[in-house]
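Peer 1: Please see the structure below; I have some questions.
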Amino acid sequence: MMQRISALDALRGLAIIAMVLVNNPGSWQAVYAPLKHAAWHGLTPTDVIFPGFIFVMGVTIAIHLPRELERVGNVMAVLRSTTRRAMTLILLGWLLYLCWFNSASPGYSWIEERLLTLRFAGVLPRLGIVYWLTVVIILTLSWRWLGVLTALLLAGYWGAMALIPYSSADGVIYQGQWEFGNSLAAYIDHHLLGKAHVYYGQATPFAFDPEGVLSTLPAVATCLTGVWVGRYVLVQQRCPNKLMMLALAGICAGYGLSVVNPLNKALWSPTFVMVTSGMLTILFWLSVVYERKAGPLPKGHPLLVAGTNSIAFFMLSGILARVLLMVNVDGVSLKGHAWQVVEGLPLPPELASLLLAGIFLMICYYPIKFMYHNGFFWRI
């Protein structure tokens, strides 16, 4: 079992390292295309990172939930611990949002500009909500229904987005839109969360959040896919040929159906789920194969260091990135000073930006490495 956990930690570590790297370029004006999200419709390597987190979370649930049920022997106790973990993730996400002060603006009001405009959604809140919903589903339904429910979630989400009409403030009626600021998901975010509390608050006709309310349903489908794959590969240890065929079929079907339902991360479209889940299934299986043939990664491997404390890594990088922007010297932020130094090197702008991102990644990595070697693992 240690090999399986090692492979899982390695994948989680790869995801968090990639996320920190792409979230912290030296300059957003100088970024290589694969390190950017798709402008709207489409798919880049960066777009696969967050689904990777959710997929791996699903695999982890497949391994640990049965153990926890056996250890506790009480569904309600498991549900209470699940709720506590989910709420912790949500609160950590809100903490990251509130960890900001515009020191360059003398009249800046943290209460008005930050506390009263709290972004309810986000990466960590979505992880928390998806985790909670997935566990509740598994505790409620039989394992054999996971595949059926995953398909129903995707079909139901597509049906709602395609068939339910909605109207703007000026009375224009829309239906079946998958556009920036114009979709049923955006409409729900605009009215349920409010334009002051979403990421794209200025989008028109509807403000929305890329981790919004309705698009959480297909994100749950991504997690359930991870659960199913985790049980298939690690628990039941069944033949991988069928799994690989299903993964390839999902990728092909997703790209084929993208002519009618575009690949879109912000809306977490069904085709996006199909393609990314297929890719992640193949990547996960390859990591398991590597572990079984070559043995577990050596203790202290960077992927294991990052993967065993991924939430701590994410929080540290988020707080440090904000500190580097908040602290100003001679009217320029610390990050601005660092970029001025790196930008002056005889390098293409994109490479200089990536270099600074790599330096930032290493600065964040070493405290996590210290935690790892001292046996401190932050469990949510």
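Residues are named by chain letter and number: chains run A, B, ... in the order of the structure tokens, numbers start at 1 in each chain, and ligands are numbered from 1 in the order shown.
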Each residue of stretch 161-243 of chain A lying at most 10 Å from stretch 98-118 of chain A should get a row with its shortest atom-to-atom pair and the distance in Å to one decimal, counting only C-alpha atoms; could you produce that, ordered by chain and increasing number, as JSON lines?

Peer 2:
{"residue": "A:Gly194", "atom": "CA", "partner": "A:Thr117", "partner_atom": "CA", "distance": 9.4}
{"residue": "A:Lys195", "atom": "CA", "partner": "A:Thr117", "partner_atom": "CA", "distance": 9.0}
{"residue": "A:Ala196", "atom": "CA", "partner": "A:Thr117", "partner_atom": "CA", "distance": 5.3}
{"residue": "A:His197", "atom": "CA", "partner": "A:Thr117", "partner_atom": "CA", "distance": 5.2}
{"residue": "A:Val198", "atom": "CA", "partner": "A:Leu118", "partner_atom": "CA", "distance": 8.2}
{"residue": "A:Tyr199", "atom": "CA", "partner": "A:Leu118", "partner_atom": "CA", "distance": 10.0}

Peer 1: Generate the output file for the selected residues, N, CA and C atoms, as a PDB file, in the first residue's frame.

Peer 2:
ATOM      1  N   GLY A 194     -23.549  37.523  -5.868  1.00  0.00           N
ATOM      2  CA  GLY A 194     -23.444  38.980  -5.955  1.00  0.00           C
ATOM      3  C   GLY A 194     -22.176  39.411  -6.648  1.00  0.00           C
ATOM      4  N   LYS A 195     -22.266  40.457  -7.442  1.00  0.00           N
ATOM      5  CA  LYS A 195     -21.125  40.890  -8.249  1.00  0.00           C
ATOM      6  C   LYS A 195     -19.944  41.365  -7.413  1.00  0.00           C
ATOM      7  N   ALA A 196     -20.193  41.754  -6.165  1.00  0.00           N
ATOM      8  CA  ALA A 196     -19.108  42.215  -5.301  1.00  0.00           C
ATOM      9  C   ALA A 196     -18.307  41.054  -4.720  1.00  0.00           C
ATOM     10  N   HIS A 197     -18.779  39.822  -4.901  1.00  0.00           N
ATOM     11  CA  HIS A 197     -18.156  38.681  -4.228  1.00  0.00           C
ATOM     12  C   HIS A 197     -17.689  37.599  -5.187  1.00  0.00           C
ATOM     13  N   VAL A 198     -17.502  37.938  -6.455  1.00  0.00           N
ATOM     14  CA  VAL A 198     -17.040  36.963  -7.438  1.00  0.00           C
ATOM     15  C   VAL A 198     -15.775  37.473  -8.109  1.00  0.00           C
ATOM     16  N   TYR A 199     -15.059  36.571  -8.769  1.00  0.00           N
ATOM     17  CA  TYR A 199     -13.771  36.914  -9.376  1.00  0.00           C
ATOM     18  C   TYR A 199     -13.937  37.884 -10.540  1.00  0.00           C
TER      19      TYR A 199
END

Peer 1: Counting only C-alpha atoms, which residues of stretch 277-335 of chain A sit at most 12 Å from some atom of stretch 340-343 of chain A, and what is each one's closest atom pair with its distance in Å to one decimal, listed by chain and rising residue number, as JSON lines?

Peer 2:
{"residue": "A:Val332", "atom": "CA", "partner": "A:Gln340", "partner_atom": "CA", "distance": 10.1}
{"residue": "A:Ser333", "atom": "CA", "partner": "A:Gln340", "partner_atom": "CA", "distance": 10.6}
{"residue": "A:Leu334", "atom": "CA", "partner": "A:Gln340", "partner_atom": "CA", "distance": 9.9}
{"residue": "A:Lys335", "atom": "CA", "partner": "A:Gln340", "partner_atom": "CA", "distance": 8.6}

Peer 1: Given only C-alpha atoms, how would the per-residue table for stretch 193-291 of chain A near stretch 131-146 of chain A read, listing every residue at most 9 Å away with its closest atom pair and distance in Å to one decimal, sorted by chain and number, as a tab-separated table?

Peer 2:
residue	atom	partner	partner_atom	distance
A:Val220	CA	A:Thr134	CA	6.4
A:Ala221	CA	A:Thr134	CA	8.6
A:Cys223	CA	A:Thr134	CA	7.0
A:Leu224	CA	A:Leu146	CA	6.6
A:Thr225	CA	A:Leu146	CA	8.0
A:Val227	CA	A:Leu146	CA	8.2
A:Trp228	CA	A:Leu146	CA	6.8

Peer 1: If DSSP is run on the backbone, what residues of stretch 27-240 of chain A are strand (DSSP E or B)? A reply as a list of chain:residue names would be ideal.

Peer 2: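 Of stretch 27-240 of chain A, the ones in strand (DSSP E or B) are A:Tyr166, A:Ser167, A:Ile173, A:Tyr174, A:Trp178, A:Glu179, A:Asn182, A:Ser183, A:Tyr200, A:Phe208.
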
Peer 1: Extract, using only C-alpha atoms, all DNA, RNA and protein residues at most 6 Å from stretch 36-49 of chain A, discarding same-chain residues fewer than 6 positions from it, and format them as a VMD selection string.

Peer 2: chain A and resid 15 263 to 264

Peer 1: Just write the chosen residues, C-alpha atoms, as a JSON list (two decimals), in the first residue's frame.

Peer 2:
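To be explicit, this is the file written out as result_28.json:
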[["chain", "number", "residue", "atom", "x", "y", "z"],
["A", 15, "ALA", "CA", 0.01, 19.41, -9.18],
["A", 263, "LEU", "CA", -13.90, 22.88, -23.71],
["A", 264, "ASN", "CA", -14.00, 25.51, -20.98]]

Peer 1: Taking into account only C-alpha atoms, which residue in the set A:Phe284, A:Tyr372, A:Trp339, A:Tyr365 is nearest to A:Gly52?

Peer 2: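 Of all the options, A:Phe284 lies closest to A:Gly52.
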
Peer 1: Rounded to one decimal, what separation in Å do you get between atom CA of A:Arg12 and atom CA of A:Gly254?

Peer 2: 24.2 Å

Peer 1: Mind pulling up the distance from atom CA of A:Val22 to atom CA of A:Phe208?

Peer 2: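 Atom-to-atom, atom CA of A:Phe208 and atom CA of A:Val22 are spaced 22.5 Å apart.
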
Peer 1: Of the candidates A:Gly176, A:Gly128, A:Pro302, A:Gly171, which shows the shortest atom-to-atom distance to A:Pro262, using only C-alpha atoms?

Peer 2: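 Counting only C-alpha atoms, the residue closest to A:Pro262 is A:Gly176.
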